[in-house]
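Shown here: coords.txt, compact mmCIF, C-alpha atoms.
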```txt
# COMPACT_ATOMS: atom_id res chain seq x y z
CA ARG A 1 50.41 51.22 23.76
CA GLY A 2 46.95 50.60 22.48
CA HIS A 3 45.53 47.15 21.97
CA VAL A 4 46.73 46.22 18.47
CA ALA A 5 45.20 48.99 16.33
CA ASP A 6 43.33 50.97 18.97
CA ALA A 7 44.34 54.59 19.50
CA ILE A 8 44.63 55.81 23.08
CA LEU A 9 45.45 59.12 24.71
CA VAL A 10 47.92 58.67 27.56
CA PRO A 11 51.01 60.27 29.12
CA SER A 12 53.87 59.29 26.80
CA TRP A 13 55.99 57.53 29.42
CA GLN A 14 53.06 55.25 30.24
CA SER A 15 52.60 54.04 26.69
CA ARG A 16 56.03 52.54 26.16
CA PRO A 17 56.10 48.88 25.16
CA THR A 18 59.27 46.95 24.23
CA GLY A 19 61.51 49.77 23.17
CA VAL A 20 59.83 52.84 21.76
CA CYS A 21 59.75 56.14 23.55
CA THR A 22 57.37 58.88 22.56
CA LYS A 23 58.04 62.50 23.50
CA PRO A 24 59.32 63.96 26.76
CA ALA A 25 57.66 62.54 29.86
CA GLN A 26 54.19 63.71 30.83
CA THR A 27 53.30 65.10 27.38
CA LEU A 28 50.08 63.81 25.88
CA HIS A 29 49.83 62.32 22.44
CA ARG A 30 47.95 59.68 20.49
CA THR A 31 49.61 56.30 20.11
CA ASN A 32 48.67 53.97 17.26
CA MET A 33 49.65 50.39 16.62
CA ASN A 34 50.94 49.65 13.13
CA VAL A 35 51.87 46.46 11.33
CA PHE A 36 55.63 46.97 11.73
CA ARG A 37 55.31 47.45 15.47
CA LEU A 38 53.02 44.43 15.83
CA VAL A 39 55.22 42.14 13.73
CA GLY A 40 58.25 43.41 15.65
CA ASP A 41 56.60 42.45 18.94
CA LEU A 42 55.68 39.03 17.53
CA SER A 43 59.25 38.52 16.31
CA HIS A 44 60.52 39.37 19.79
CA LEU A 45 58.05 36.93 21.32
CA LEU A 46 59.07 34.25 18.80
CA ALA A 47 62.72 34.69 19.78
CA ILE A 48 61.88 34.15 23.43
CA ILE A 49 59.80 31.05 22.66
CA ILE A 50 62.57 29.58 20.49
CA LEU A 51 65.13 30.05 23.24
CA LEU A 52 62.96 28.58 26.00
CA LEU A 53 62.00 25.58 23.85
CA LYS A 54 65.64 24.98 22.96
CA ILE A 55 66.65 24.96 26.63
CA TRP A 56 63.68 22.92 27.83
CA LYS A 57 63.64 20.29 25.06
CA THR A 58 67.39 19.66 25.08
CA ARG A 59 67.59 20.07 28.87
CA SER A 60 70.66 22.14 28.15
CA CYS A 61 71.64 25.79 27.85
CA ALA A 62 74.87 25.07 26.00
CA GLY A 63 75.74 27.82 23.53
CA VAL A 64 73.54 30.41 25.27
CA SER A 65 75.07 33.35 27.09
CA GLY A 66 73.72 33.59 30.61
CA LYS A 67 75.20 37.06 30.88
CA SER A 68 73.14 38.31 27.94
CA GLN A 69 70.04 36.84 29.58
CA ILE A 70 70.84 38.63 32.84
CA LEU A 71 71.13 41.90 30.93
CA PHE A 72 67.81 41.34 29.16
CA SER A 73 66.17 40.64 32.52
CA LEU A 74 67.60 43.88 33.86
CA VAL A 75 66.27 45.68 30.76
CA PHE A 76 62.70 44.54 31.39
CA ILE A 77 62.79 45.05 35.16
CA THR A 78 63.90 48.68 34.81
CA ARG A 79 61.56 49.34 31.88
CA TYR A 80 58.33 48.01 33.34
CA LEU A 81 58.33 49.39 36.88
CA ASP A 82 54.99 51.04 36.04
CA LEU A 83 53.31 47.69 35.35
CA PHE A 84 51.03 47.77 38.40
CA THR A 85 50.55 51.53 38.60
CA ASN A 86 49.60 52.49 35.04
CA PHE A 87 47.17 50.43 32.99
CA ILE A 88 47.27 51.13 29.26
CA SER A 89 45.57 48.10 27.71
CA VAL A 90 45.30 44.34 28.13
CA TYR A 91 47.78 43.88 25.28
CA ASN A 92 50.29 46.23 26.89
CA SER A 93 50.07 44.63 30.33
CA VAL A 94 50.16 41.05 29.02
CA MET A 95 53.25 41.72 26.90
CA LYS A 96 55.03 43.35 29.82
CA ILE A 97 54.29 40.36 32.06
CA ILE A 98 55.41 37.92 29.35
CA TYR A 99 58.73 39.70 28.84
CA LEU A 100 59.38 39.92 32.57
CA MET A 101 58.44 36.33 33.39
CA THR A 102 60.19 34.71 30.43
CA SER A 103 63.42 36.68 30.90
CA LEU A 104 63.57 35.82 34.61
CA GLY A 105 62.55 32.25 33.82
CA THR A 106 65.40 31.91 31.33
CA VAL A 107 67.89 33.11 33.93
CA TYR A 108 66.48 30.57 36.41
CA LEU A 109 66.80 27.71 33.92
CA MET A 110 70.38 28.64 33.08
CA TYR A 111 71.75 29.33 36.54
CA PHE A 112 69.74 26.85 38.59
CA LYS A 113 67.78 24.07 36.87
CA PHE A 114 70.27 23.34 34.07
CA LYS A 115 73.31 24.92 35.66
CA ALA A 116 75.47 21.88 34.91
CA THR A 117 75.10 22.52 31.15
CA TYR A 118 75.94 26.22 31.30
CA ASP A 119 79.18 26.97 29.45
CA SER A 120 80.73 29.51 31.80
CA ASN A 121 84.18 28.94 30.29
CA HIS A 122 83.14 30.67 27.07
CA ASP A 123 80.64 33.13 28.57
CA THR A 124 83.31 35.49 29.86
CA PHE A 125 82.22 38.94 28.69
CA ARG A 126 82.62 41.54 31.48
CA ILE A 127 79.06 42.90 31.67
CA GLU A 128 80.07 45.60 34.15
CA PHE A 129 81.79 47.27 31.19
CA LEU A 130 78.30 47.66 29.71
CA VAL A 131 76.15 48.32 32.79
CA VAL A 132 78.30 51.05 34.35
CA PRO A 133 78.73 53.26 31.24
CA VAL A 134 75.07 52.77 30.30
CA GLY A 135 74.03 53.77 33.81
CA GLY A 136 76.11 56.92 33.62
CA LEU A 137 74.81 57.81 30.17
CA SER A 138 71.19 57.40 31.28
CA PHE A 139 71.77 60.03 33.96
CA LEU A 140 73.39 62.43 31.50
CA VAL A 141 71.15 61.97 28.44
CA ASN A 142 67.44 61.45 29.09
CA HIS A 143 64.09 63.11 28.41
CA ASP A 144 63.29 64.02 31.99
CA PHE A 145 65.38 63.78 35.15
CA THR A 146 63.00 61.60 37.16
CA PRO A 147 63.61 58.10 38.57
CA LEU A 148 61.22 56.28 36.19
CA GLU A 149 62.46 58.22 33.18
CA ILE A 150 66.12 57.57 33.99
CA LEU A 151 65.47 53.85 34.53
CA TRP A 152 63.48 53.67 31.28
CA THR A 153 66.34 55.39 29.44
CA PHE A 154 68.80 52.99 31.10
CA SER A 155 66.76 50.06 29.75
CA ILE A 156 66.84 51.46 26.22
CA TYR A 157 70.60 51.97 26.26
CA LEU A 158 71.24 48.60 27.89
CA GLU A 159 69.05 46.68 25.43
CA SER A 160 71.10 48.06 22.55
CA VAL A 161 74.22 46.24 23.81
CA ALA A 162 72.74 43.34 25.81
CA ILE A 163 73.41 40.88 22.98
CA LEU A 164 77.17 41.53 23.04
CA PRO A 165 77.98 38.73 25.55
CA GLN A 166 76.13 36.27 23.29
CA LEU A 167 77.96 37.43 20.17
CA PHE A 168 81.26 37.37 22.10
CA MET A 169 80.53 33.80 23.19
CA ILE A 170 79.90 32.76 19.58
CA SER A 171 83.16 34.42 18.54
CA LYS A 172 85.03 32.36 21.16
CA THR A 173 83.42 29.03 20.23
CA GLY A 174 83.50 29.80 16.51
CA GLU A 175 80.01 28.43 15.90
CA ALA A 176 76.38 28.46 17.01
CA GLU A 177 73.72 25.76 17.04
CA THR A 178 71.05 26.18 14.38
CA ILE A 179 68.30 26.73 16.95
CA THR A 180 70.40 29.41 18.67
CA SER A 181 70.90 31.05 15.28
CA HIS A 182 67.12 31.12 14.76
CA TYR A 183 66.73 32.77 18.17
CA LEU A 184 69.27 35.47 17.35
CA PHE A 185 67.76 36.11 13.93
CA ALA A 186 64.28 36.57 15.38
CA LEU A 187 65.69 38.85 18.09
CA GLY A 188 67.57 40.96 15.56
CA SER A 189 64.56 41.11 13.27
CA TYR A 190 62.46 42.54 16.10
CA ARG A 191 64.73 45.56 16.41
CA ALA A 192 65.06 46.01 12.64
CA LEU A 193 61.26 46.06 12.35
CA TYR A 194 61.08 48.67 15.10
CA ILE A 195 63.36 50.92 13.05
CA ILE A 196 60.90 50.64 10.16
CA ASN A 197 58.14 51.39 12.67
CA TRP A 198 59.91 54.60 13.72
CA VAL A 199 60.29 55.72 10.11
CA TYR A 200 56.61 54.99 9.50
CA ARG A 201 55.55 56.87 12.63
CA TYR A 202 57.72 59.83 11.74
CA TYR A 203 55.91 60.27 8.44
CA THR A 204 52.43 59.44 9.74
CA GLU A 205 52.46 60.85 13.30
CA GLY A 206 55.40 63.24 13.41
CA PHE A 207 56.96 60.92 16.02
CA PHE A 208 60.70 61.26 16.61
CA ASP A 209 62.76 60.15 19.59
CA LEU A 210 66.51 60.43 19.16
CA ILE A 211 67.37 58.28 22.19
CA ALA A 212 65.28 55.30 21.10
CA ILE A 213 66.27 55.61 17.43
CA VAL A 214 70.03 55.86 18.02
CA ALA A 215 69.97 52.99 20.52
CA GLY A 216 67.88 50.88 18.14
CA CYS A 217 70.26 51.56 15.24
CA VAL A 218 73.27 50.60 17.38
CA GLN A 219 71.53 47.37 18.35
CA THR A 220 70.69 46.52 14.73
CA ILE A 221 74.24 47.28 13.54
CA LEU A 222 75.59 44.76 16.05
CA TYR A 223 73.53 42.07 14.30
CA CYS A 224 74.68 42.88 10.75
CA ASP A 225 77.51 40.33 10.53
CA PHE A 226 75.29 37.71 12.11
CA PHE A 227 72.47 38.45 9.63
CA TYR A 228 74.89 37.91 6.75
CA LEU A 229 76.11 34.58 8.10
CA TYR A 230 72.54 33.49 8.88
CA ILE A 231 71.34 34.19 5.34
CA THR A 232 74.37 32.69 3.60
CA LYS A 233 74.73 29.62 5.82
CA VAL A 234 71.82 28.73 8.13
CA LEU A 235 69.10 29.33 5.52
CA LYS A 236 71.02 27.01 3.21
CA GLY A 237 70.96 24.24 5.79
CA LYS A 238 74.50 24.73 7.07
CA GLN A 239 75.63 25.30 10.63
CA LEU A 240 76.65 28.83 11.46
CA LYS A 241 80.42 28.85 11.75
CA LEU A 242 82.63 31.89 11.84
CA PRO A 243 85.34 32.24 9.20
CA ALA A 244 88.70 30.94 10.39
```

What would you get if you wrote out this structure as structure tokens?
Amino acid sequence: RGHVADAILVPSWQSRPTGVCTKPAQTLHRTNMNVFRLVGDLSHLLAIIILLLKIWKTRSCAGVSGKSQILFSLVFITRYLDLFTNFISVYNSVMKIIYLMTSLGTVYLMYFKFKATYDSNHDTFRIEFLVVPVGGLSFLVNHDFTPLEILWTFSIYLESVAILPQLFMISKTGEAETITSHYLFALGSYRALYIINWVYRYYTEGFFDLIAIVAGCVQTILYCDFFYLYITKVLKGKQLKLPA
């Protein structure tokens, strides 16, 4: 990705930021930043900041799914293996480092520093039911059968369902803290903005990537019920509680 609005000419697999693929690996094209992509990145960053502040200020990770955080860490580890081998821009490298460090840091806070506050009794989603099928699918459906490409595809598929343990946890407890709701809304907004980014890029650049678009749509659909509850309850000053 270019630095904000800069256009750069790079191999497509090198230019990938938080979730957008370009065309099959090794093809050259021009990548441009647009407002939807930038705001999507900022929304993603805001979600991470909200979550870390919630955990650090309350000294508790109650209500947060550690399993979802493990999946997000796995997403970024497999997506950014090219961090030290392919320099795109300062913006690109900084964002990759931020996502990697904050995701791993969140896992550390939950499973080590504030382990006593982690609600493992409600965080019971079987993540192997996500990781194994996603791993198999990434081998079968990808742009190019190379290790980096398969791992990148794995990260795209996994990110689309990584929030499921968190949503499952909320369904078991029947409610979510307001700050956790803000985190989820910012996280869902990031992906929704990326869908708008893809539509914009299709009409302005001829960009189209079925893998990234389908995965992004699946991820956004998973947030739909939450978005409705957030707008009708949290924005009105009420706590998010699921209907009985």

Choose the residue, out of A:Ile163, A:Ile196, A:Leu210, A:Val35, that has the smallest atom-to-atom separation from Tyr183 in chain A; count only C-alpha atoms.
->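 Using only C-alpha atoms, Tyr183 in chain A sits closest to A:Ile163.
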
Per-residue nearest contacts range 153-241 of chain A to range 108-122 of chain A, cut-off 10 Å, using only C-alpha atoms, as a Markdown table:
```
| residue | atom | partner | partner_atom | distance |
| --- | --- | --- | --- | --- |
| A:Pro165 | CA | A:His122 | CA | 9.7 |
| A:Gln166 | CA | A:His122 | CA | 9.7 |
| A:Phe168 | CA | A:His122 | CA | 8.6 |
| A:Met169 | CA | A:His122 | CA | 5.6 |
| A:Ile170 | CA | A:His122 | CA | 8.4 |
| A:Ser171 | CA | A:His122 | CA | 9.3 |
| A:Lys172 | CA | A:His122 | CA | 6.4 |
| A:Thr173 | CA | A:His122 | CA | 7.0 |
```

Distance CA of Ile77 in chain A-CA of Glu128 in chain A, one decimal place?
->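 About the pair CA of Ile77 in chain A and CA of Glu128 in chain A: they are 17.3 Å apart.
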
Taking all atoms listed in the file into account, which of A:Lys96, A:His182, A:His44, A:Arg59 comes nearest Tyr230 in chain A?
->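 Result for the nearest residue to Tyr230 in chain A: A:His182.
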
Computed interatomic separation between CA of Lys236 in chain A and CA of Gln219 in chain A (Å) | 25.4 Å

Asp225 in chain A environment, 12 Å, all atoms listed in the file, sequence neighbours closer than 5 positions dropped, as a PyMOL selection string | chain A and resi 167+171+184-185+188+220+230-232+240-243

Just write the chosen residues, C-alpha atoms, as a PDB file, in the coordinates of the input.
```
ATOM      1  CA  LEU A 167      77.960  37.430  20.170  1.00  0.00           C
ATOM      2  CA  SER A 171      83.160  34.420  18.540  1.00  0.00           C
ATOM      3  CA  LEU A 184      69.270  35.470  17.350  1.00  0.00           C
ATOM      4  CA  PHE A 185      67.760  36.110  13.930  1.00  0.00           C
ATOM      5  CA  GLY A 188      67.570  40.960  15.560  1.00  0.00           C
ATOM      6  CA  THR A 220      70.690  46.520  14.730  1.00  0.00           C
ATOM      7  CA  TYR A 230      72.540  33.490   8.880  1.00  0.00           C
ATOM      8  CA  ILE A 231      71.340  34.190   5.340  1.00  0.00           C
ATOM      9  CA  THR A 232      74.370  32.690   3.600  1.00  0.00           C
ATOM     10  CA  LEU A 240      76.650  28.830  11.460  1.00  0.00           C
ATOM     11  CA  LYS A 241      80.420  28.850  11.750  1.00  0.00           C
ATOM     12  CA  LEU A 242      82.630  31.890  11.840  1.00  0.00           C
ATOM     13  CA  PRO A 243      85.340  32.240   9.200  1.00  0.00           C
TER      14      PRO A 243
END
```

Of the residues A:Ala212, A:Leu222, A:Cys61, A:Val161, which is the one nearest to Val141 in chain A, using only C-alpha atoms?
->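 Among the listed residues, the smallest separation from Val141 in chain A belongs to A:Ala212.
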
Enter the distance from CA of Gln239 in chain A to CA of Thr106 in chain A, in Å, rounded to one decimal.
-> 24.0 Å

Considering all atoms listed in the file, return as a list in words whatever protein or nucleic-acid residues lie within 10 Å of range 178-181 of chain A, sequence-local ones (same chain, fewer than 2 positions apart) excluded.
->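 Here the answer would be Ala47, Ile50, Leu51, Leu53, Lys54, Ile55, Cys61, Ala62, Gly63, Val64, Glu175, Ala176, Tyr183, Leu184, Phe185, Ala186, Leu187, Phe226, Phe227, Leu229, Tyr230, Lys233, Val234, Leu235, Gly237, Lys238, Gln239 and Leu240 of chain A.
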
Using only C-alpha atoms, determine which residues lie at most 10 Å from Thr102 in chain A, disregarding the query and same-chain residues fewer than 3 positions distant; provide the list as a PyMOL selection string.
-> chain A and resi 45+48-49+51-52+73+97-99+105-108

For Ile211 in chain A, which residue among A:Tyr223, A:Tyr194, A:Tyr91, A:Phe154 is the nearest when counting all atoms listed in the file?
->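 The shortest atom-to-atom distance to Ile211 in chain A comes from A:Phe154.
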
How close does range 161-235 of chain A get to range 36-39 of chain A? List, as CSV, each residue of range 161-235 of chain A within 12 Å, its nearest atom pair and the distance in Å to one decimal, counting all atoms listed in the file.
```
residue,atom,partner,partner_atom,distance
A:Ala186,CA,A:Val39,CA,10.8
A:Leu187,CA,A:Val39,CA,11.8
A:Ser189,CA,A:Val39,CA,9.4
A:Tyr190,CA,A:Val39,CA,7.6
A:Arg191,CA,A:Arg37,CA,9.7
A:Ala192,CA,A:Phe36,CA,9.5
A:Leu193,CA,A:Phe36,CA,5.7
A:Tyr194,CA,A:Arg37,CA,5.9
A:Ile195,CA,A:Phe36,CA,8.8
A:Ile196,CA,A:Phe36,CA,6.6
A:Asn197,CA,A:Phe36,CA,5.2
A:Trp198,CA,A:Arg37,CA,8.7
A:Val199,CA,A:Phe36,CA,10.0
A:Tyr200,CA,A:Phe36,CA,8.4
A:Arg201,CA,A:Arg37,CA,9.8
```

Spatial neighbours of Leu81 in chain A, 12 Å, all atoms listed in the file, chain gap at least 4 places, as a PyMOL selection string | chain A and resi 13-14+16-17+74-77+85-87+93+96-97+100+147-152+155

Restrict the output to range 107-120 of chain A and all heavy atoms, then write it as a PDB file, in the first residue's frame.
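Now in part08.pdb:
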```pdb
ATOM      1  N   VAL A 107      -3.243 -10.759  23.634  1.00  0.00           N
ATOM      2  CA  VAL A 107      -3.209 -12.158  24.060  1.00  0.00           C
ATOM      3  C   VAL A 107      -2.389 -12.300  25.346  1.00  0.00           C
ATOM      4  O   VAL A 107      -2.778 -13.020  26.277  1.00  0.00           O
ATOM      5  CB  VAL A 107      -2.626 -13.054  22.950  1.00  0.00           C
ATOM      6  CG1 VAL A 107      -2.375 -14.469  23.476  1.00  0.00           C
ATOM      7  CG2 VAL A 107      -3.572 -13.101  21.752  1.00  0.00           C
ATOM      8  N   TYR A 108      -1.272 -11.590  25.421  1.00  0.00           N
ATOM      9  CA  TYR A 108      -0.428 -11.633  26.629  1.00  0.00           C
ATOM     10  C   TYR A 108      -1.198 -11.106  27.843  1.00  0.00           C
ATOM     11  O   TYR A 108      -1.181 -11.731  28.922  1.00  0.00           O
ATOM     12  CB  TYR A 108       0.831 -10.799  26.424  1.00  0.00           C
ATOM     13  CG  TYR A 108       1.586 -10.536  27.707  1.00  0.00           C
ATOM     14  CD1 TYR A 108       2.348 -11.533  28.315  1.00  0.00           C
ATOM     15  CD2 TYR A 108       1.498  -9.286  28.341  1.00  0.00           C
ATOM     16  CE1 TYR A 108       3.003 -11.296  29.514  1.00  0.00           C
ATOM     17  CE2 TYR A 108       2.152  -9.049  29.531  1.00  0.00           C
ATOM     18  CZ  TYR A 108       2.904 -10.057  30.117  1.00  0.00           C
ATOM     19  OH  TYR A 108       3.548  -9.822  31.304  1.00  0.00           O
ATOM     20  N   LEU A 109      -1.879  -9.980  27.676  1.00  0.00           N
ATOM     21  CA  LEU A 109      -2.631  -9.407  28.793  1.00  0.00           C
ATOM     22  C   LEU A 109      -3.721 -10.356  29.279  1.00  0.00           C
ATOM     23  O   LEU A 109      -3.937 -10.492  30.489  1.00  0.00           O
ATOM     24  CB  LEU A 109      -3.262  -8.072  28.373  1.00  0.00           C
ATOM     25  CG  LEU A 109      -2.308  -6.904  28.121  1.00  0.00           C
ATOM     26  CD1 LEU A 109      -3.089  -5.679  27.663  1.00  0.00           C
ATOM     27  CD2 LEU A 109      -1.498  -6.571  29.375  1.00  0.00           C
ATOM     28  N   MET A 110      -4.373 -11.024  28.337  1.00  0.00           N
ATOM     29  CA  MET A 110      -5.496 -11.880  28.708  1.00  0.00           C
ATOM     30  C   MET A 110      -5.058 -13.195  29.342  1.00  0.00           C
ATOM     31  O   MET A 110      -5.687 -13.677  30.288  1.00  0.00           O
ATOM     32  CB  MET A 110      -6.372 -12.158  27.478  1.00  0.00           C
ATOM     33  CG  MET A 110      -7.069 -10.922  26.932  1.00  0.00           C
ATOM     34  SD  MET A 110      -8.353 -11.329  25.741  1.00  0.00           S
ATOM     35  CE  MET A 110      -9.539 -12.171  26.797  1.00  0.00           C
ATOM     36  N   TYR A 111      -4.010 -13.787  28.810  1.00  0.00           N
ATOM     37  CA  TYR A 111      -3.630 -15.128  29.258  1.00  0.00           C
ATOM     38  C   TYR A 111      -2.498 -15.150  30.279  1.00  0.00           C
ATOM     39  O   TYR A 111      -2.179 -16.222  30.823  1.00  0.00           O
ATOM     40  CB  TYR A 111      -3.259 -15.991  28.054  1.00  0.00           C
ATOM     41  CG  TYR A 111      -4.466 -16.436  27.260  1.00  0.00           C
ATOM     42  CD1 TYR A 111      -4.892 -15.712  26.152  1.00  0.00           C
ATOM     43  CD2 TYR A 111      -5.191 -17.563  27.623  1.00  0.00           C
ATOM     44  CE1 TYR A 111      -5.998 -16.112  25.416  1.00  0.00           C
ATOM     45  CE2 TYR A 111      -6.297 -17.975  26.904  1.00  0.00           C
ATOM     46  CZ  TYR A 111      -6.698 -17.245  25.798  1.00  0.00           C
ATOM     47  OH  TYR A 111      -7.813 -17.645  25.076  1.00  0.00           O
ATOM     48  N   PHE A 112      -1.909 -13.983  30.540  1.00  0.00           N
ATOM     49  CA  PHE A 112      -0.814 -13.940  31.500  1.00  0.00           C
ATOM     50  C   PHE A 112      -1.022 -12.854  32.558  1.00  0.00           C
ATOM     51  O   PHE A 112      -1.274 -13.166  33.716  1.00  0.00           O
ATOM     52  CB  PHE A 112       0.521 -13.743  30.779  1.00  0.00           C
ATOM     53  CG  PHE A 112       0.885 -14.895  29.883  1.00  0.00           C
ATOM     54  CD1 PHE A 112       0.570 -14.873  28.528  1.00  0.00           C
ATOM     55  CD2 PHE A 112       1.525 -16.015  30.402  1.00  0.00           C
ATOM     56  CE1 PHE A 112       0.887 -15.945  27.699  1.00  0.00           C
ATOM     57  CE2 PHE A 112       1.849 -17.095  29.586  1.00  0.00           C
ATOM     58  CZ  PHE A 112       1.524 -17.063  28.233  1.00  0.00           C
ATOM     59  N   LYS A 113      -0.950 -11.588  32.162  1.00  0.00           N
ATOM     60  CA  LYS A 113      -0.986 -10.512  33.153  1.00  0.00           C
ATOM     61  C   LYS A 113      -2.310 -10.441  33.917  1.00  0.00           C
ATOM     62  O   LYS A 113      -2.326 -10.286  35.141  1.00  0.00           O
ATOM     63  CB  LYS A 113      -0.699  -9.148  32.487  1.00  0.00           C
ATOM     64  CG  LYS A 113      -0.491  -8.026  33.490  1.00  0.00           C
ATOM     65  CD  LYS A 113       0.033  -6.786  32.826  1.00  0.00           C
ATOM     66  CE  LYS A 113       0.317  -5.684  33.846  1.00  0.00           C
ATOM     67  NZ  LYS A 113       1.374  -6.072  34.803  1.00  0.00           N
ATOM     68  N   PHE A 114      -3.427 -10.555  33.199  1.00  0.00           N
ATOM     69  CA  PHE A 114      -4.738 -10.465  33.852  1.00  0.00           C
ATOM     70  C   PHE A 114      -5.501 -11.777  33.722  1.00  0.00           C
ATOM     71  O   PHE A 114      -6.731 -11.790  33.583  1.00  0.00           O
ATOM     72  CB  PHE A 114      -5.546  -9.309  33.255  1.00  0.00           C
ATOM     73  CG  PHE A 114      -4.874  -7.973  33.368  1.00  0.00           C
ATOM     74  CD1 PHE A 114      -4.639  -7.205  32.233  1.00  0.00           C
ATOM     75  CD2 PHE A 114      -4.452  -7.487  34.591  1.00  0.00           C
ATOM     76  CE1 PHE A 114      -4.014  -5.975  32.332  1.00  0.00           C
ATOM     77  CE2 PHE A 114      -3.820  -6.259  34.704  1.00  0.00           C
ATOM     78  CZ  PHE A 114      -3.588  -5.497  33.564  1.00  0.00           C
ATOM     79  N   LYS A 115      -4.769 -12.857  33.774  1.00  0.00           N
ATOM     80  CA  LYS A 115      -5.357 -14.183  33.581  1.00  0.00           C
ATOM     81  C   LYS A 115      -6.478 -14.476  34.579  1.00  0.00           C
ATOM     82  O   LYS A 115      -7.462 -15.140  34.238  1.00  0.00           O
ATOM     83  CB  LYS A 115      -4.260 -15.244  33.712  1.00  0.00           C
ATOM     84  CG  LYS A 115      -4.742 -16.664  33.481  1.00  0.00           C
ATOM     85  CD  LYS A 115      -3.600 -17.657  33.605  1.00  0.00           C
ATOM     86  CE  LYS A 115      -4.082 -19.090  33.361  1.00  0.00           C
ATOM     87  NZ  LYS A 115      -2.981 -20.070  33.472  1.00  0.00           N
ATOM     88  N   ALA A 116      -6.346 -13.959  35.786  1.00  0.00           N
ATOM     89  CA  ALA A 116      -7.340 -14.238  36.831  1.00  0.00           C
ATOM     90  C   ALA A 116      -8.713 -13.667  36.484  1.00  0.00           C
ATOM     91  O   ALA A 116      -9.734 -14.132  37.017  1.00  0.00           O
ATOM     92  CB  ALA A 116      -6.868 -13.668  38.160  1.00  0.00           C
ATOM     93  N   THR A 117      -8.765 -12.669  35.592  1.00  0.00           N
ATOM     94  CA  THR A 117     -10.041 -12.034  35.248  1.00  0.00           C
ATOM     95  C   THR A 117     -10.641 -12.600  33.967  1.00  0.00           C
ATOM     96  O   THR A 117     -11.739 -12.197  33.562  1.00  0.00           O
ATOM     97  CB  THR A 117      -9.848 -10.512  35.067  1.00  0.00           C
ATOM     98  OG1 THR A 117      -9.006 -10.266  33.928  1.00  0.00           O
ATOM     99  CG2 THR A 117      -9.215  -9.895  36.300  1.00  0.00           C
ATOM    100  N   TYR A 118      -9.925 -13.509  33.315  1.00  0.00           N
ATOM    101  CA  TYR A 118     -10.390 -14.071  32.051  1.00  0.00           C
ATOM    102  C   TYR A 118     -11.536 -15.053  32.293  1.00  0.00           C
ATOM    103  O   TYR A 118     -11.413 -15.987  33.094  1.00  0.00           O
ATOM    104  CB  TYR A 118      -9.222 -14.767  31.341  1.00  0.00           C
ATOM    105  CG  TYR A 118      -9.605 -15.578  30.130  1.00  0.00           C
ATOM    106  CD1 TYR A 118     -10.403 -15.039  29.123  1.00  0.00           C
ATOM    107  CD2 TYR A 118      -9.172 -16.893  29.994  1.00  0.00           C
ATOM    108  CE1 TYR A 118     -10.762 -15.795  28.020  1.00  0.00           C
ATOM    109  CE2 TYR A 118      -9.514 -17.651  28.894  1.00  0.00           C
ATOM    110  CZ  TYR A 118     -10.315 -17.098  27.906  1.00  0.00           C
ATOM    111  OH  TYR A 118     -10.655 -17.857  26.813  1.00  0.00           O
ATOM    112  N   ASP A 119     -12.641 -14.845  31.601  1.00  0.00           N
ATOM    113  CA  ASP A 119     -13.839 -15.660  31.804  1.00  0.00           C
ATOM    114  C   ASP A 119     -13.826 -16.879  30.875  1.00  0.00           C
ATOM    115  O   ASP A 119     -14.520 -16.919  29.860  1.00  0.00           O
ATOM    116  CB  ASP A 119     -15.082 -14.806  31.533  1.00  0.00           C
ATOM    117  CG  ASP A 119     -16.368 -15.545  31.862  1.00  0.00           C
ATOM    118  OD1 ASP A 119     -16.293 -16.661  32.417  1.00  0.00           O
ATOM    119  OD2 ASP A 119     -17.457 -15.006  31.556  1.00  0.00           O
ATOM    120  N   SER A 120     -13.046 -17.870  31.243  1.00  0.00           N
ATOM    121  CA  SER A 120     -12.921 -19.067  30.408  1.00  0.00           C
ATOM    122  C   SER A 120     -14.191 -19.912  30.425  1.00  0.00           C
ATOM    123  O   SER A 120     -14.420 -20.712  29.507  1.00  0.00           O
ATOM    124  CB  SER A 120     -11.732 -19.913  30.876  1.00  0.00           C
ATOM    125  OG  SER A 120     -11.895 -20.305  32.229  1.00  0.00           O
TER     126      SER A 120
END
```
